[in-house]
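Enquirer: This is the structure I want to talk about, given as structure tokens.
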Amino acid sequence: MFALNTSEVEISTFLLIGIPGLEHVHIWISIPICFMYLLAILGNCTILFVIRTEPSLHEPMYYFLSMLALSDLGLSFSSLPSMMRIFLFNAMEISADACIAQEFFIHGFTDMESSVLLIMSFDRFLAIRNPLRYSSILTSSRVLHIGLTFAIKSILLVLPLPFTLKRLQYCNKRLLSHSYCLHQDVMKLACSDNRVNFYYGLFVALCMMSDSVFIAVSYVFILKTVLGIASHGERLKALNTCVSHICAVLIFYVPIITLATMHRFHLSPLTHALMANAYLLVPPVLNPIVYTVKTKEIRKKIIQIFVQTKITAEG
């Protein structure tokens with residue numbers, strides 16, 4: 001824990017918020033939130049287990065899906081402690097060190113998920129553009145190297161954030177505006193010069209948004225390639241392989257863009273709080289559902305596991 005003295009005020013903890021105006025029913029709100037966390041953890045662990053145990057799924061597309069599931073799990077576990085303390089025990093305080101550690105992991109896994117979505121878009125382009133050479137180009141070792149490279153990139157990108165926050169001085173303000181810690185949220189509480197934090201935070205945000213630009217560019221090339229296919233049926237088949245990824249991209253970026261846009265309008269604190277919680281809760285919950293529904297191989301394997309479990313239980 002760190003304590004910073006300024007004007008004889010010692011700041012060692014920050015205050016998080018739950019759902020403004022609904023503090024008296026936090027215990028009831030915790031039920032759907034706990035259910036969503038449980039669904040996210042079970043769903044992503046199931047995806048990882050199925051891909052790990054099914055040899056037919058040992059392909060680049062599913063390796064990248066495993067990376068997406070790991071990012072979703074990391075995002076869920078990063079926000080879980082503070083969310084549960086708030087809604088189950090009405091405990092709003094969080095130590096400064098714990099807050100800074102949490103914002104590091106949240107921003108790190110958010111950037112990692114953004115990077116994985118970018119990799120998956122290029123994977124889809126390559127699969128449609130060169131289907132015969134797809135497996136030979138994206139070998140298992142190459143996929144591993146790509147994953148490790150982007151993971152290291154995400155860590156290095158957000159690594160300066162905790163250090164830039166710790167150098168700031170904090171005065172009387174310690175109330176944050178979310179149920180978890182974010183860099184821009186903590187930065188605003190500082191009473192010392194935070195220009196370094198602002199510009200570096202902007203740089204991190206631009207790096208993440210550049211992923212969305214490259215994803216859009218990759219889909220321009222995908223559409224160009226698909227339109228060059230003579231058969232109408234083959235065009236639809238090629239585009240159908242991208243549906244799950246497009247859904248994942250929308251699930252991830254729409255809450256982020258909506259939350260960023262909402263800060264420019266005078267909306268109620270309740271609306272801001274709900275959207276901020278959706279930003280962290282929705283992608284880890286929906287991604288496994290989307291890929292299970294849209295991917296026949298994964299769906300078939302999960303059904304097979306449930307049938308075998310049922311037969312074993314009855315026997």
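Lettering and numbering for the structure tokens are positional, with chains as A, B, ... in the shown order, residues counted from 1 in each chain, and ligands counted from 1 in the shown order.
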Segment 2-97 of chain A near segment 268-291 of chain A within 10 Å: what's each residue's closest atom pair and its distance in Å to one decimal, counting only C-alpha atoms, ordered by chain then ascending residue number, as a tab-separated table?
Expert:
```
residue	atom	partner	partner_atom	distance
A:Ile17	CA	A:Ala273	CA	8.4
A:Gly18	CA	A:Ala273	CA	7.4
A:Ile19	CA	A:Ala273	CA	6.0
A:Pro20	CA	A:Leu270	CA	5.5
A:Gly21	CA	A:Leu270	CA	7.3
A:Leu22	CA	A:Leu270	CA	8.6
A:Ile33	CA	A:Leu281	CA	8.3
A:Phe35	CA	A:Val285	CA	9.9
A:Met36	CA	A:Val285	CA	6.5
A:Tyr37	CA	A:Leu281	CA	7.3
A:Leu38	CA	A:Val285	CA	8.8
A:Leu39	CA	A:Val285	CA	6.1
A:Ala40	CA	A:Val285	CA	4.3
A:Ile41	CA	A:Pro284	CA	7.8
A:Leu42	CA	A:Pro288	CA	9.2
A:Gly43	CA	A:Pro288	CA	5.4
A:Asn44	CA	A:Pro288	CA	5.8
A:Cys45	CA	A:Pro288	CA	9.2
A:Thr46	CA	A:Pro288	CA	8.4
A:Ile47	CA	A:Pro288	CA	6.7
A:Leu48	CA	A:Pro288	CA	9.9
A:Leu65	CA	A:Tyr291	CA	8.7
A:Leu68	CA	A:Asn287	CA	8.5
A:Ala69	CA	A:Pro288	CA	7.6
A:Leu70	CA	A:Pro284	CA	9.6
A:Ser71	CA	A:Pro284	CA	8.5
A:Asp72	CA	A:Pro284	CA	4.8
A:Leu73	CA	A:Pro284	CA	7.0
A:Gly74	CA	A:Pro284	CA	9.4
A:Leu75	CA	A:Leu280	CA	7.0
A:Ser76	CA	A:Pro284	CA	6.9
A:Ser78	CA	A:Leu280	CA	9.5
A:Ser79	CA	A:Leu280	CA	7.7
A:Leu80	CA	A:Leu281	CA	9.7
A:Met83	CA	A:Asn277	CA	9.2
```
Enquirer: Counting only C-alpha atoms, what is within 12 Å of Asp193 of chain A, bar same-chain residues fewer than 5 positions away, as a list in words?
Expert: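 In the requested format, the answer is Thr164, Leu165, Arg167, Leu168, Gln169, Tyr170, Met187, Lys188, Phe198 and Tyr199 of chain A.
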Enquirer: Counting only C-alpha atoms, which residue out of A:Gly147, A:Ile128, A:Phe87, A:Val116 sits closest to Leu227 of chain A?
Expert: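 Of the candidates, the smallest distance to Leu227 of chain A is held by A:Ile128.
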Enquirer: Please identify the strand (DSSP E or B) residues within segment 3-226 of chain A (assignment by DSSP from backbone atoms) and present them as a PyMOL selection string.
Expert: chain A and resi 4-6+9-11+13-15+93-95+170+175+190
Enquirer: Could you turn the residues from that selection into a file that holds all heavy atoms, as a compact mmCIF listing (two decimals), in the first residue's frame?
Expert:
```
# COMPACT_ATOMS: atom_id res chain seq x y z
N LEU A 4 0.19 8.91 0.24
CA LEU A 4 0.77 10.14 -0.28
C LEU A 4 0.26 11.30 0.54
O LEU A 4 -0.94 11.46 0.73
CB LEU A 4 0.41 10.32 -1.75
CG LEU A 4 0.97 9.22 -2.66
CD1 LEU A 4 0.24 9.21 -3.98
CD2 LEU A 4 2.45 9.43 -2.88
N ASN A 5 1.17 12.13 1.04
CA ASN A 5 0.80 13.25 1.88
C ASN A 5 0.76 14.54 1.09
O ASN A 5 1.69 14.89 0.41
CB ASN A 5 1.81 13.42 3.02
CG ASN A 5 1.70 12.30 4.03
OD1 ASN A 5 0.61 11.99 4.48
ND2 ASN A 5 2.83 11.69 4.37
N THR A 6 -0.33 15.21 1.14
CA THR A 6 -0.43 16.53 0.54
C THR A 6 -1.45 17.32 1.33
O THR A 6 -2.56 16.85 1.54
CB THR A 6 -0.81 16.45 -0.94
OG1 THR A 6 -1.55 17.59 -1.27
CG2 THR A 6 -1.55 15.24 -1.33
N VAL A 9 -3.10 15.59 4.28
CA VAL A 9 -4.12 14.57 4.01
C VAL A 9 -3.42 13.32 3.50
O VAL A 9 -2.63 13.38 2.55
CB VAL A 9 -5.14 15.06 2.95
CG1 VAL A 9 -6.12 13.94 2.62
CG2 VAL A 9 -5.89 16.27 3.47
N GLU A 10 -3.68 12.20 4.13
CA GLU A 10 -3.06 10.94 3.73
C GLU A 10 -4.09 10.08 3.02
O GLU A 10 -5.12 9.73 3.59
CB GLU A 10 -2.51 10.21 4.96
CG GLU A 10 -1.73 8.95 4.61
CD GLU A 10 -1.17 8.28 5.84
OE1 GLU A 10 -1.89 7.44 6.41
OE2 GLU A 10 -0.04 8.60 6.24
N ILE A 11 -3.83 9.76 1.76
CA ILE A 11 -4.74 8.95 0.96
C ILE A 11 -4.16 7.55 0.84
O ILE A 11 -3.09 7.36 0.27
CB ILE A 11 -4.95 9.55 -0.44
CG1 ILE A 11 -5.58 10.93 -0.35
CG2 ILE A 11 -5.80 8.62 -1.29
CD1 ILE A 11 -6.98 10.93 0.21
N THR A 13 -6.68 4.79 0.57
CA THR A 13 -7.77 4.00 -0.01
C THR A 13 -8.62 4.86 -0.94
O THR A 13 -8.66 6.08 -0.79
CB THR A 13 -8.70 3.43 1.09
OG1 THR A 13 -9.26 4.51 1.85
CG2 THR A 13 -7.95 2.48 2.02
N PHE A 14 -9.26 4.20 -1.89
CA PHE A 14 -10.23 4.85 -2.76
C PHE A 14 -11.61 4.24 -2.50
O PHE A 14 -11.72 3.17 -1.91
CB PHE A 14 -9.84 4.66 -4.24
CG PHE A 14 -8.56 5.32 -4.62
CD1 PHE A 14 -7.47 4.57 -5.04
CD2 PHE A 14 -8.43 6.70 -4.57
CE1 PHE A 14 -6.28 5.18 -5.40
CE2 PHE A 14 -7.24 7.32 -4.93
CZ PHE A 14 -6.17 6.56 -5.34
N LEU A 15 -12.64 4.93 -2.97
CA LEU A 15 -14.01 4.45 -2.81
C LEU A 15 -14.61 4.13 -4.17
O LEU A 15 -14.64 4.99 -5.06
CB LEU A 15 -14.88 5.51 -2.10
CG LEU A 15 -14.57 5.78 -0.63
CD1 LEU A 15 -15.46 6.91 -0.11
CD2 LEU A 15 -14.79 4.53 0.21
N GLU A 93 -14.63 0.40 -0.08
CA GLU A 93 -13.22 0.81 -0.01
C GLU A 93 -12.31 -0.20 -0.71
O GLU A 93 -12.54 -1.40 -0.67
CB GLU A 93 -12.78 0.98 1.44
CG GLU A 93 -13.22 2.29 2.07
CD GLU A 93 -12.45 2.59 3.34
OE1 GLU A 93 -11.84 1.67 3.91
OE2 GLU A 93 -12.45 3.74 3.77
N ILE A 94 -11.29 0.34 -1.34
CA ILE A 94 -10.25 -0.49 -1.94
C ILE A 94 -8.92 0.21 -1.72
O ILE A 94 -8.83 1.43 -1.86
CB ILE A 94 -10.52 -0.73 -3.45
CG1 ILE A 94 -9.46 -1.66 -4.05
CG2 ILE A 94 -10.58 0.59 -4.23
CD1 ILE A 94 -9.77 -2.11 -5.47
N SER A 95 -7.92 -0.55 -1.32
CA SER A 95 -6.61 0.07 -1.06
C SER A 95 -6.02 0.60 -2.36
O SER A 95 -6.34 0.10 -3.46
CB SER A 95 -5.66 -0.96 -0.43
OG SER A 95 -5.28 -1.93 -1.38
N TYR A 170 -2.44 12.67 -4.38
CA TYR A 170 -3.90 12.64 -4.26
C TYR A 170 -4.31 13.43 -3.02
O TYR A 170 -3.76 13.22 -1.93
CB TYR A 170 -4.40 11.20 -4.17
CG TYR A 170 -4.01 10.37 -5.38
CD1 TYR A 170 -2.80 9.69 -5.41
CD2 TYR A 170 -4.85 10.30 -6.49
CE1 TYR A 170 -2.43 8.96 -6.52
CE2 TYR A 170 -4.49 9.55 -7.61
CZ TYR A 170 -3.27 8.89 -7.61
OH TYR A 170 -2.91 8.17 -8.71
N LEU A 175 -13.31 9.34 -4.42
CA LEU A 175 -14.48 8.61 -4.92
C LEU A 175 -14.34 8.34 -6.42
O LEU A 175 -14.27 9.27 -7.22
CB LEU A 175 -15.77 9.39 -4.65
CG LEU A 175 -17.07 8.73 -5.12
CD1 LEU A 175 -17.31 7.42 -4.37
CD2 LEU A 175 -18.25 9.68 -4.94
N ALA A 190 -6.23 12.93 -8.93
CA ALA A 190 -4.94 13.51 -8.54
C ALA A 190 -5.03 15.04 -8.49
O ALA A 190 -5.74 15.67 -9.26
CB ALA A 190 -3.87 13.09 -9.53
```
Enquirer: Ranking A:Tyr219, A:Phe252, A:Tyr62, A:Phe89 by minimum distance to Arg129 of chain A and counting only C-alpha atoms, which one comes first?
Expert: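 Smallest distance to Arg129 of chain A is found for A:Tyr219.
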Enquirer: Please run DSSP on the backbone and report, as a count of residues only, all residues within segment 73-289 of chain A that come out as alpha helix (DSSP H).
Expert: 169
Enquirer: Taking a cut-off of 9 Å and counting only C-alpha atoms, can you build a table that, for each residue of segment 109-200 of chain A near segment 240-247 of chain A, reports the nearest atom pair and how far apart they are in Å (one decimal), sorted by chain then residue number, as a tab-separated table?
Expert:
```
residue	atom	partner	partner_atom	distance
A:Leu117	CA	A:His245	CA	7.5
A:Met120	CA	A:His245	CA	7.3
A:Ser121	CA	A:His245	CA	7.3
A:Arg124	CA	A:Cys242	CA	6.6
A:Ile128	CA	A:Thr241	CA	8.9
```
Enquirer: Smallest atom-to-atom distance to Cys99 of chain A: which of A:Leu182, A:Ser140, A:Lys153, A:Met61, using only C-alpha atoms?
Expert: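 Looking at the shortest contact to Cys99 of chain A, the residue is A:Leu182.
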Enquirer: Near Ile257 of chain A, within 12 Å and counting only C-alpha atoms, which residues show up once chain neighbours fewer than 5 positions away are dropped, as a VMD selection string?
Expert: chain A and resid 205 208 to 209 212 249 to 252 262 to 264 275 to 276 279
Enquirer: Between atom CA of Ser30 of chain A and atom CA of Leu88 of chain A, what is the distance, to one decimal in Å?
Expert: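 Atom-to-atom, atom CA of Ser30 of chain A and atom CA of Leu88 of chain A are spaced 6.1 Å apart.
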Enquirer: Counting only C-alpha atoms, which residue out of A:Ser179, A:Thr110, A:Ser12, A:Thr53 sits closest to Asp97 of chain A?
Expert: A:Ser12
Enquirer: Quick one: distance from atom CA of Phe109 of chain A to atom CA of Ser154 of chain A in Å, one decimal?
Expert: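 For atom CA of Phe109 of chain A relative to atom CA of Ser154 of chain A, the distance reads 7.6 Å.
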Enquirer: In Å, with one decimal, what is the gap from atom CA of Met92 of chain A to atom CA of His26 of chain A?
Expert: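 Rounded to one decimal, the two atoms are 11.7 Å apart.
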Enquirer: Could you tell me which of A:Ser135, A:Gln102, A:Ser210, A:Ser114 comes closest to Pro162 of chain A if we count only C-alpha atoms?
Expert: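 Among the listed residues, the smallest separation from Pro162 of chain A belongs to A:Gln102.
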Enquirer: For each of A:Glu234, A:Asp211, A:Glu54, A:Asp111, take the minimum atom-to-atom distance to Leu159 of chain A, counting only C-alpha atoms, then give the residue where this is smallest.
Expert: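 Checking each of A:Glu234, A:Asp211, A:Glu54, A:Asp111 against Leu159 of chain A, counting only C-alpha atoms, the winner is A:Asp111.
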